[in-house]
>>> print(open('work_7.cif').read())   # mmCIF, C-alpha atoms and all ligand atoms
data_my_file
loop_
_atom_site.label_atom_id
_atom_site.label_comp_id
_atom_site.auth_asym_id
_atom_site.auth_seq_id
_atom_site.Cartn_x
_atom_site.Cartn_y
_atom_site.Cartn_z
CA MET A 1 0.00 0.00 0.00
CA LEU A 2 1.41 3.39 -0.97
CA SER A 3 1.28 6.41 1.32
CA HIS A 4 0.57 9.90 0.11
CA ASP A 5 4.27 10.68 0.66
CA ASP A 6 5.32 7.77 -1.59
CA ILE A 7 3.17 9.21 -4.37
CA LYS A 8 4.41 12.75 -3.79
CA ASP A 9 8.02 11.50 -3.93
CA PHE A 10 7.33 9.65 -7.20
CA ILE A 11 5.83 12.75 -8.81
CA GLU A 12 8.68 14.95 -7.56
CA SER A 13 11.36 12.61 -8.90
CA GLN A 14 9.57 12.53 -12.24
CA LEU A 15 9.26 16.31 -12.50
CA ALA A 16 12.93 16.73 -11.59
CA VAL A 17 14.01 14.91 -14.75
CA TRP A 18 11.28 15.69 -17.32
CA ASP A 19 10.95 19.31 -18.46
CA LEU A 20 7.70 18.89 -20.39
CA ALA A 21 5.91 17.35 -17.40
CA LYS A 22 7.43 19.95 -15.04
CA ARG A 23 6.18 22.80 -17.25
CA ASN A 24 2.69 21.28 -17.41
CA TYR A 25 2.48 20.77 -13.64
CA ASP A 26 3.74 24.32 -13.06
CA ALA A 27 1.08 25.57 -15.51
CA LEU A 28 -1.64 24.01 -13.35
CA ALA A 29 -1.16 26.91 -10.94
CA GLN A 30 -2.54 29.21 -13.68
CA VAL A 31 -5.49 26.98 -14.57
CA LYS A 32 -8.79 28.79 -14.09
CA ARG A 33 -11.82 27.29 -12.41
CA ARG A 34 -15.37 28.44 -11.83
CA ASN A 35 -18.32 26.63 -10.30
CA VAL A 36 -21.78 26.22 -11.77
CA VAL A 37 -24.78 24.74 -9.98
CA VAL A 38 -26.42 22.01 -12.08
CA ASP A 39 -29.48 20.72 -10.22
CA ASP A 40 -28.18 19.38 -6.87
CA ILE A 41 -24.51 19.12 -7.81
CA VAL A 42 -21.94 21.89 -8.03
CA VAL A 43 -19.91 21.33 -11.18
CA GLY A 44 -16.48 22.91 -11.64
CA ILE A 45 -15.42 24.12 -15.08
CA GLN A 46 -11.66 24.01 -15.54
CA TRP A 47 -10.00 25.96 -18.35
CA ASN A 48 -6.96 23.82 -19.15
CA PRO A 49 -5.28 24.52 -22.53
CA GLY A 50 -2.84 21.63 -21.92
CA ARG A 51 -5.68 19.11 -22.35
CA ILE A 52 -6.40 19.93 -26.00
CA GLY A 53 -4.69 16.72 -27.17
CA SER A 54 -6.95 14.59 -25.01
CA THR A 55 -10.22 16.48 -25.56
CA GLY A 56 -9.67 16.65 -29.31
CA ALA A 57 -8.21 13.14 -29.65
CA LYS A 58 -9.19 11.32 -32.82
CA ILE A 59 -10.08 7.81 -31.74
CA ASP A 60 -11.42 6.34 -34.99
CA VAL A 61 -9.77 3.11 -36.11
CA LYS A 62 -7.87 4.79 -38.98
CA SER A 63 -6.39 7.59 -36.84
CA ILE A 64 -5.41 5.13 -34.10
CA SER A 65 -3.74 2.78 -36.59
CA GLU A 66 -1.72 5.66 -38.07
CA ARG A 67 -0.11 6.80 -34.84
CA LEU A 68 2.40 5.21 -32.48
CA CYS A 69 0.79 4.17 -29.21
CA PHE A 70 1.97 6.70 -26.62
CA LEU A 71 1.30 4.30 -23.73
CA CYS A 72 3.55 1.47 -24.99
CA ARG A 73 6.84 1.46 -23.13
CA ASP A 74 8.94 1.48 -26.32
CA ASN A 75 7.26 4.67 -27.56
CA ARG A 76 7.23 6.59 -24.29
CA PRO A 77 9.70 9.43 -23.71
CA LYS A 78 12.92 8.13 -22.18
CA GLU A 79 12.45 10.55 -19.27
CA GLN A 80 9.18 8.94 -18.18
CA LEU A 81 9.69 6.98 -14.94
CA ILE A 82 7.90 3.74 -14.12
CA PHE A 83 6.47 2.71 -10.75
CA PRO A 84 5.55 -1.01 -10.77
CA ILE A 85 2.20 -0.76 -8.97
CA ALA A 86 0.83 -4.28 -9.48
CA MET A 87 1.56 -7.39 -11.52
CA GLY A 88 1.20 -6.45 -15.19
CA TRP A 89 0.70 -2.72 -14.53
CA GLU A 90 3.02 0.29 -14.61
CA MET A 91 2.20 3.56 -12.89
CA LEU A 92 3.29 6.76 -14.67
CA VAL A 93 2.95 10.46 -13.99
CA ASN A 94 0.40 11.85 -16.46
CA PRO A 95 2.36 14.54 -18.36
CA PHE A 96 -0.88 16.44 -19.18
CA PRO A 97 -2.39 16.81 -15.72
CA VAL A 98 -5.83 17.96 -14.67
CA PHE A 99 -4.87 17.96 -10.95
CA PRO A 100 -1.53 18.24 -9.06
CA VAL A 101 -1.65 14.48 -8.44
CA HIS A 102 -2.55 12.77 -11.71
CA LEU A 103 -1.27 9.30 -12.47
CA THR A 104 -1.80 6.96 -15.41
CA ILE A 105 -1.69 3.23 -14.74
CA VAL A 106 -1.01 1.33 -17.93
CA SER A 107 -1.01 -2.32 -18.86
CA GLU A 108 2.50 -3.64 -19.61
CA THR A 109 1.15 -5.08 -22.84
CA HIS A 110 -0.58 -3.34 -25.74
CA ARG A 111 -4.22 -4.51 -25.55
CA PRO A 112 -7.47 -2.62 -26.07
CA GLN A 113 -9.51 -0.78 -23.47
CA SER A 114 -12.10 -3.54 -23.79
CA SER A 115 -13.76 -3.62 -20.35
CA VAL A 116 -13.15 -2.47 -16.78
CA PRO A 117 -10.18 -4.55 -15.58
CA GLU A 118 -10.73 -6.45 -12.31
CA ASP A 119 -7.29 -5.24 -11.24
CA ILE A 120 -8.84 -1.80 -10.66
CA VAL A 121 -9.80 -3.21 -7.23
CA ASN A 122 -6.20 -4.14 -6.32
CA ILE A 123 -4.90 -0.85 -7.61
CA ALA A 124 -7.47 1.19 -5.65
CA THR A 125 -6.41 -0.82 -2.58
CA GLU A 126 -2.76 0.05 -3.25
CA LEU A 127 -3.65 3.75 -3.48
CA PRO A 128 -5.75 4.72 -0.44
CA GLY A 129 -7.03 8.29 -0.62
CA MET A 130 -7.04 8.19 -4.40
CA ALA A 131 -9.84 7.62 -6.89
CA VAL A 132 -8.81 5.15 -9.59
CA PHE A 133 -10.90 5.60 -12.70
CA PHE A 134 -11.47 3.97 -16.05
CA ASN A 135 -12.78 5.51 -19.27
CA GLY A 136 -14.40 3.03 -21.63
CA ALA A 137 -13.08 3.05 -25.20
CA HIS A 138 -16.18 5.04 -26.31
CA ALA A 139 -16.49 7.09 -23.13
CA GLY A 140 -13.55 9.46 -23.01
CA ALA A 141 -10.47 7.26 -23.43
CA SER A 142 -7.93 9.03 -25.63
CA ALA A 143 -5.92 5.80 -26.01
CA PRO A 144 -8.67 3.21 -26.56
CA ASP A 145 -6.11 0.82 -28.04
CA HIS A 146 -4.03 0.49 -24.85
CA MET A 147 -5.60 -0.67 -21.57
CA HIS A 148 -5.12 1.97 -18.88
CA MET A 149 -6.63 3.62 -15.83
CA GLN A 150 -5.91 6.92 -14.12
CA ALA A 151 -5.78 8.07 -10.51
CA VAL A 152 -6.30 11.42 -8.78
CA LEU A 153 -6.93 12.41 -5.15
CA LYS A 154 -10.51 11.42 -4.33
CA GLU A 155 -11.22 14.86 -2.83
CA GLU A 156 -10.90 16.38 -6.31
CA ILE A 157 -14.04 14.63 -7.59
CA PRO A 158 -17.35 16.30 -6.57
CA LEU A 159 -19.41 13.22 -7.44
CA ILE A 160 -17.42 11.12 -4.96
CA ALA A 161 -18.08 13.56 -2.09
CA LEU A 162 -21.78 13.70 -3.04
CA THR A 163 -21.98 9.89 -3.18
CA GLU A 164 -20.26 9.45 0.19
CA ARG A 165 -22.80 11.89 1.71
CA HIS A 166 -25.86 10.14 0.26
CA HIS A 167 -24.80 6.50 0.39
CA GLY A 168 -23.64 5.85 3.94
CA ASN A 169 -20.81 3.38 4.42
CA SER A 170 -22.89 1.14 6.70
CA ASP A 171 -25.41 0.74 3.87
CA PHE A 172 -23.56 -2.10 2.13
CA GLY A 173 -24.41 -2.99 -1.44
CA ILE A 174 -25.70 -1.10 -4.43
CA LYS A 175 -27.59 2.20 -4.26
CA LEU A 176 -28.89 3.91 -7.39
CA SER A 177 -28.55 7.68 -7.80
CA SER A 178 -32.35 7.75 -8.21
CA GLN A 179 -32.53 6.68 -4.54
CA PHE A 180 -30.41 9.62 -3.31
CA GLY A 181 -33.41 11.95 -2.92
CA LEU A 182 -31.71 14.56 -5.10
CA LYS A 183 -32.25 16.07 -8.54
CA LEU A 184 -29.20 14.99 -10.51
CA PRO A 185 -28.38 15.52 -14.19
CA PHE A 186 -27.61 11.86 -14.90
CA PHE A 187 -27.98 8.36 -13.52
CA PHE A 188 -25.19 6.36 -11.86
CA ILE A 189 -24.71 3.40 -9.57
CA SER A 190 -22.92 3.53 -6.22
CA GLY A 191 -21.50 0.49 -4.45
CA VAL A 192 -20.23 0.01 -0.90
CA VAL A 193 -18.40 -3.30 -0.78
CA ALA A 194 -18.81 -5.27 2.45
CA PRO A 195 -15.68 -7.28 3.39
CA ASP A 196 -17.51 -10.61 2.95
CA GLU A 197 -19.33 -12.80 0.43
CA SER A 198 -22.09 -10.23 -0.19
CA GLY A 199 -19.39 -7.67 -1.00
CA LEU A 200 -18.11 -9.92 -3.74
CA LYS A 201 -21.60 -9.95 -5.31
CA THR A 202 -21.74 -6.14 -5.13
CA LEU A 203 -18.36 -5.98 -6.81
CA VAL A 204 -19.35 -8.36 -9.60
CA THR A 205 -22.48 -6.26 -10.26
CA GLY A 206 -20.32 -3.15 -10.50
CA LEU A 207 -17.70 -4.65 -12.78
CA ASN A 208 -20.37 -6.09 -15.09
CA THR A 209 -22.43 -2.95 -15.50
CA GLY A 210 -21.73 -1.12 -18.73
CA GLY A 211 -23.21 1.56 -20.91
CA LEU A 212 -26.43 1.48 -22.86
CA SER A 213 -26.18 -1.16 -25.57
CA ASN A 214 -28.37 -1.48 -28.67
CA ASN A 215 -30.70 -3.93 -26.92
CA GLY A 216 -31.46 -1.36 -24.19
CA GLU A 217 -29.42 -3.08 -21.47
CA LEU A 218 -26.63 -1.56 -19.41
CA ASN A 219 -23.92 -3.94 -20.55
CA ASP A 220 -21.78 -2.19 -23.19
CA PRO A 221 -18.26 -2.29 -21.66
CA LEU A 222 -16.99 0.41 -24.04
CA LEU A 223 -19.54 3.00 -22.90
CA VAL A 224 -18.79 3.31 -19.21
CA ASN A 225 -16.95 5.48 -16.70
CA THR A 226 -16.02 4.08 -13.30
CA PHE A 227 -14.37 5.27 -10.10
CA PHE A 228 -13.02 2.87 -7.47
CA TRP A 229 -11.66 4.09 -4.15
CA ILE A 230 -11.04 3.17 -0.52
CA ASP A 231 -13.04 5.50 1.71
CA ASN A 232 -11.85 6.99 4.99
CA SER A 233 -13.20 4.00 6.94
CA GLY A 234 -11.18 1.60 4.79
CA LEU A 235 -14.09 0.25 2.73
CA LEU A 236 -13.92 -0.26 -1.01
CA ARG A 237 -16.45 1.86 -2.89
CA PHE A 238 -17.26 2.50 -6.52
CA ILE A 239 -19.34 4.59 -8.87
CA ILE A 240 -20.39 3.26 -12.28
CA ILE A 241 -21.67 5.77 -14.84
CA PRO A 242 -23.35 4.08 -17.82
CA ARG A 243 -22.97 6.19 -20.96
CA LYS A 244 -24.96 6.28 -24.16
CA ALA A 245 -22.66 8.45 -26.31
CA HIS A 246 -19.00 9.35 -26.56
CA ARG A 247 -19.42 13.08 -27.27
CA PRO A 248 -22.32 15.57 -27.06
CA SER A 249 -23.83 17.11 -30.23
CA CYS A 250 -22.30 20.54 -29.46
CA TYR A 251 -18.83 19.01 -29.98
CA TYR A 252 -19.66 18.57 -33.68
CA LEU A 253 -21.45 21.89 -34.31
CA ASP A 254 -19.89 24.70 -36.33
CA GLY A 255 -19.70 28.30 -35.19
CA GLU A 256 -20.75 29.91 -31.93
CA LYS A 257 -22.64 26.88 -30.60
CA ASN A 258 -19.57 24.62 -30.88
CA ARG A 259 -18.24 23.46 -27.51
CA MET A 260 -14.99 21.58 -27.13
CA VAL A 261 -16.19 19.24 -24.40
CA SER A 262 -15.46 15.51 -24.60
CA PRO A 263 -16.56 13.92 -21.32
CA GLY A 264 -14.57 11.22 -19.58
CA SER A 265 -14.69 10.14 -15.94
CA ILE A 266 -13.38 13.46 -14.58
CA ASP A 267 -16.05 15.47 -16.44
CA MET A 268 -18.79 13.03 -15.36
CA GLY A 269 -17.33 13.28 -11.86
CA GLY A 270 -18.23 16.97 -11.84
CA ILE A 271 -15.17 18.74 -13.26
CA ILE A 272 -15.73 19.74 -16.89
CA ILE A 273 -12.40 20.24 -18.66
CA VAL A 274 -12.36 22.81 -21.46
CA PRO A 275 -9.17 23.57 -23.40
CA ARG A 276 -10.59 26.80 -24.90
CA GLU A 277 -11.17 30.05 -23.03
CA LYS A 278 -14.39 30.84 -24.91
CA ASP A 279 -16.00 27.63 -23.65
CA PHE A 280 -14.77 28.37 -20.14
CA GLU A 281 -16.33 31.84 -20.21
CA SER A 282 -19.65 30.91 -21.79
CA LEU A 283 -20.74 27.39 -20.71
CA THR A 284 -24.03 27.65 -18.79
CA SER A 285 -25.71 25.39 -16.30
CA ASP A 286 -28.39 24.48 -18.89
CA GLU A 287 -25.75 23.59 -21.47
CA ILE A 288 -23.93 21.36 -18.99
CA ARG A 289 -27.19 19.60 -18.07
CA HIS A 290 -27.85 19.09 -21.78
CA ILE A 291 -24.33 17.73 -22.40
CA TYR A 292 -24.78 15.23 -19.55
CA SER A 293 -28.22 14.23 -20.87
CA GLU A 294 -26.75 13.48 -24.31
CA VAL A 295 -23.83 11.34 -23.15
CA ALA A 296 -25.36 9.63 -20.10
CA ILE A 297 -28.73 8.37 -18.97
CA THR A 298 -31.17 10.80 -17.40
CA HIS A 299 -33.39 9.86 -14.47
CA ASP A 300 -36.48 10.89 -16.49
CA SER A 301 -35.66 8.29 -19.13
CA LEU A 302 -35.65 5.54 -16.48
CA ILE A 303 -39.28 6.09 -15.46
ZN ZN A 401 0.28 0.55 -26.59
#
>>> encode(input="work_7.cif", output="structure tokens", more="lines below")
Ligand SMILES: [Zn+2]
Amino acid sequence: MLSHDDIKDFIESQLAVWDLAKRNYDALAQVKRRNVVVDDIVVGIQWNPGRIGSTGAKIDVKSISERLCFLCRDNRPKEQLIFPIAMGWEMLVNPFPVFPVHLTIVSETHRPQSSVPEDIVNIATELPGMAVFFNGAHAGASAPDHMHMQAVLKEEIPLIALTERHHGNSDFGIKLSSQFGLKLPFFFISGVVAPDESGLKTLVTGLNTGGLSNNGELNDPLLVNTFFWIDNSGLLRFIIIPRKAHRPSCYYLDGEKNRMVSPGSIDMGGIIIVPREKDFESLTSDEIRHIYSEVAITHDSLI
């Protein structure tokens, strides 16, 4: 199990030897943030020009086949340090951070982002205090061809704080966001994993829930965002966000109505990342609600 100091030391040693990453972490101090109330959740909008590569990533088969995979060890910059976090997985400092602690955990082998890896549980256990998250190949992953997860401090994610408040940690099992007694812009599933047999069932339910597939079931593994974390009482918890689309319609519009927003787990977790200043200045609460309703499942649609 890694302490917060272990992680801080890893990031510091990385930034000491890699100028690009150092510049990008220094630039985080200038990143602008404003909060917008969307129903019963306060969503942060972060203007982060460094994320343009990820937000605008072309993930069609042709574009992916024409570029070198930037998560494969042979193609990574020689400065990038490796922390062996678990069997088969390498932990890296994300050189294009959204938060001051932002790690990428990549499979040692080149294989597609096909479904939530069970190892997310071991990795969350290794990283107490951090939220380990997974973007399905059609739900925000900018490298859908190479299996990976990311990790940030759990305090950074508004949806985690909201979930911990409305799904108490003695209430083991699954709780749906529709049972929170709140008005929320999209549907998700929360799990508190008991340390026994019933916890295993909860976990299996979580790992097997996916996005909206063509037959109307929540089992498409490519259309899902998940967070796994150990809470302050030491229990394993998760949030599963089934998705129905990769990007909102405004991403594809021309002119004034165009918005460069491409939601992954962090955006669904309540921090919308925008690389362009004009989107940062102008995004409204109604637009954010609409974006969420286009890429995820609304509570109205469940009735
Ligand atoms: Zn690769």
>>> residues_around(input="work_7.cif", residues="Arg247 in chain A", least_positions_apart="5", cutoff="10 Å", atoms="all atoms listed in the file", output="ChimeraX atom specification")
/A:55,138-140,252,260-264,291-292,294-296
>>> residues_near_ligand(input="work_7.cif", ligand="ligand ZN 401 (chain A)", cutoff="8 Å", atoms="only C-alpha atoms and all ligand atoms", output="PDB file with C-alpha atoms, in the frame of the given file")
ATOM      1  CA  LEU A  68       2.400   5.210 -32.480  1.00  0.00           C
ATOM      2  CA  CYS A  69       0.790   4.170 -29.210  1.00  0.00           C
ATOM      3  CA  PHE A  70       1.970   6.700 -26.620  1.00  0.00           C
ATOM      4  CA  LEU A  71       1.300   4.300 -23.730  1.00  0.00           C
ATOM      5  CA  CYS A  72       3.550   1.470 -24.990  1.00  0.00           C
ATOM      6  CA  ARG A  73       6.840   1.460 -23.130  1.00  0.00           C
ATOM      7  CA  THR A 109       1.150  -5.080 -22.840  1.00  0.00           C
ATOM      8  CA  HIS A 110      -0.580  -3.340 -25.740  1.00  0.00           C
ATOM      9  CA  ARG A 111      -4.220  -4.510 -25.550  1.00  0.00           C
ATOM     10  CA  ASP A 145      -6.110   0.820 -28.040  1.00  0.00           C
ATOM     11  CA  HIS A 146      -4.030   0.490 -24.850  1.00  0.00           C
ATOM     12  CA  MET A 147      -5.600  -0.670 -21.570  1.00  0.00           C
TER      13      MET A 147
END
>>> residues_around(input="work_7.cif", residues="Glu277 in chain A", least_positions_apart="3", cutoff="10 Å", atoms="only C-alpha atoms", output="list in words")
Lys32, Gln46, Trp47, Asn48, Pro49, Val274, Phe280, Glu281 and Ser282 of chain A
>>> closest_residue(input="work_7.cif", among="A:Thr205, A:Ser170, A:Ser65, A:Asn225", to="Ala137 in chain A", atoms="all atoms listed in the file")
A:Asn225
>>> residues_around(input="work_7.cif", residues="Gly56 in chain A", least_positions_apart="2", cutoff="10 Å", atoms="all atoms listed in the file", output="ChimeraX atom specification")
/A:51-54,58-59,142,251,260-262,275
>>> atom_distance(input="work_7.cif", atom1="CA of Trp89 in chain A", atom2="CA of Ser107 in chain A")
4.7 Å
>>> residues_around(input="work_7.cif", residues="Glu155 in chain A", least_positions_apart="5", cutoff="10 Å", atoms="all atoms listed in the file", output="list of chain:residue names")
A:Gly129, A:Met130, A:Ala131, A:Ile160, A:Ala161
>>> residues_around(input="work_7.cif", residues="Ile266 in chain A", least_positions_apart="6", cutoff="10 Å", atoms="only C-alpha atoms", output="PyMOL selection string")
chain A and resi 98+133-135+140+150+152+156-159+225-227+272-273
>>> closest_residue(input="work_7.cif", among="A:Asp74, A:Ile288, A:Ser190, A:Ala245", to="Asn214 in chain A", atoms="all atoms listed in the file")
A:Ala245
>>> closest_atom_pairs(input="work_7.cif", of="range 78-116 of chain A", to="range 9-22 of chain A", cutoff="10 Å", atoms="all atoms listed in the file", output="CSV")
residue,atom,partner,partner_atom,distance
A:Lys78,CA,A:Trp18,CA,9.1
A:Glu79,CA,A:Trp18,CA,5.6
A:Gln80,CA,A:Gln14,CA,7.0
A:Leu81,CA,A:Gln14,CA,6.2
A:Ile82,CA,A:Phe10,CA,9.1
A:Phe83,CA,A:Phe10,CA,7.8
A:Met91,CA,A:Phe10,CA,9.8
A:Leu92,CA,A:Ile11,CA,8.8
A:Val93,CA,A:Ile11,CA,6.4
A:Asn94,CA,A:Ala21,CA,7.8
A:Pro95,CA,A:Ala21,CA,4.6
A:Phe96,CA,A:Ala21,CA,7.1
A:Pro97,CA,A:Ala21,CA,8.5
A:Pro100,CA,A:Ile11,CA,9.2
A:Val101,CA,A:Ile11,CA,7.7
A:His102,CA,A:Ile11,CA,8.9
A:Leu103,CA,A:Ile11,CA,8.7
>>> atom_distance(input="work_7.cif", atom1="CA of Ala151 in chain A", atom2="CA of Asp171 in chain A")
25.4 Å
>>> atom_distance(input="work_7.cif", atom1="CA of Thr202 in chain A", atom2="CA of Arg243 in chain A")
20.1 Å
>>> closest_residue(input="work_7.cif", among="A:Met87, A:Val121, A:Ile239, A:Leu184", to="Thr298 in chain A", atoms="only C-alpha atoms")
A:Leu184
>>> build_atoms(input="work_7.cif", residues="range 25-45 of chain A", atoms="N, CA and C atoms", output="compact mmCIF listing (two decimals), keeping the file's coordinate frame")
# COMPACT_ATOMS: atom_id res chain seq x y z
N TYR A 25 2.94 20.73 -15.04
CA TYR A 25 2.48 20.77 -13.64
C TYR A 25 2.58 22.19 -13.10
N ASP A 26 3.64 22.91 -13.48
CA ASP A 26 3.74 24.32 -13.06
C ASP A 26 2.57 25.13 -13.61
N ALA A 27 2.16 24.82 -14.86
CA ALA A 27 1.08 25.57 -15.51
C ALA A 27 -0.27 25.36 -14.81
N LEU A 28 -0.38 24.27 -14.06
CA LEU A 28 -1.64 24.01 -13.35
C LEU A 28 -1.98 25.13 -12.37
N ALA A 29 -0.94 25.80 -11.88
CA ALA A 29 -1.16 26.91 -10.94
C ALA A 29 -1.95 28.03 -11.61
N GLN A 30 -1.85 28.13 -12.95
CA GLN A 30 -2.54 29.21 -13.68
C GLN A 30 -3.93 28.78 -14.19
N VAL A 31 -4.22 27.49 -14.05
CA VAL A 31 -5.49 26.98 -14.57
C VAL A 31 -6.65 27.68 -13.87
N LYS A 32 -7.65 28.07 -14.68
CA LYS A 32 -8.79 28.79 -14.09
C LYS A 32 -9.94 27.84 -13.83
N ARG A 33 -10.72 28.16 -12.81
CA ARG A 33 -11.82 27.29 -12.41
C ARG A 33 -12.99 28.16 -11.98
N ARG A 34 -14.19 27.81 -12.42
CA ARG A 34 -15.37 28.44 -11.83
C ARG A 34 -16.44 27.37 -11.61
N ASN A 35 -17.31 27.63 -10.65
CA ASN A 35 -18.32 26.63 -10.30
C ASN A 35 -19.68 27.02 -10.83
N VAL A 36 -20.43 26.01 -11.25
CA VAL A 36 -21.78 26.22 -11.77
C VAL A 36 -22.69 25.20 -11.08
N VAL A 37 -23.84 25.67 -10.63
CA VAL A 37 -24.78 24.74 -9.98
C VAL A 37 -25.63 24.08 -11.07
N VAL A 38 -25.60 22.76 -11.12
CA VAL A 38 -26.42 22.01 -12.08
C VAL A 38 -27.31 21.09 -11.23
N ASP A 39 -28.57 21.44 -11.12
CA ASP A 39 -29.48 20.72 -10.22
C ASP A 39 -28.85 20.66 -8.82
N ASP A 40 -28.70 19.46 -8.24
CA ASP A 40 -28.18 19.38 -6.87
C ASP A 40 -26.69 19.06 -6.80
N ILE A 41 -25.96 19.32 -7.89
CA ILE A 41 -24.51 19.12 -7.81
C ILE A 41 -23.81 20.40 -8.29
N VAL A 42 -22.73 20.73 -7.60
CA VAL A 42 -21.94 21.89 -8.03
C VAL A 42 -20.83 21.35 -8.94
N VAL A 43 -20.87 21.81 -10.18
CA VAL A 43 -19.91 21.33 -11.18
C VAL A 43 -18.83 22.39 -11.37
N GLY A 44 -17.58 21.98 -11.36
CA GLY A 44 -16.48 22.91 -11.64
C GLY A 44 -16.17 22.90 -13.13
N ILE A 45 -15.91 24.07 -13.69
CA ILE A 45 -15.42 24.12 -15.08
C ILE A 45 -13.95 24.53 -15.00
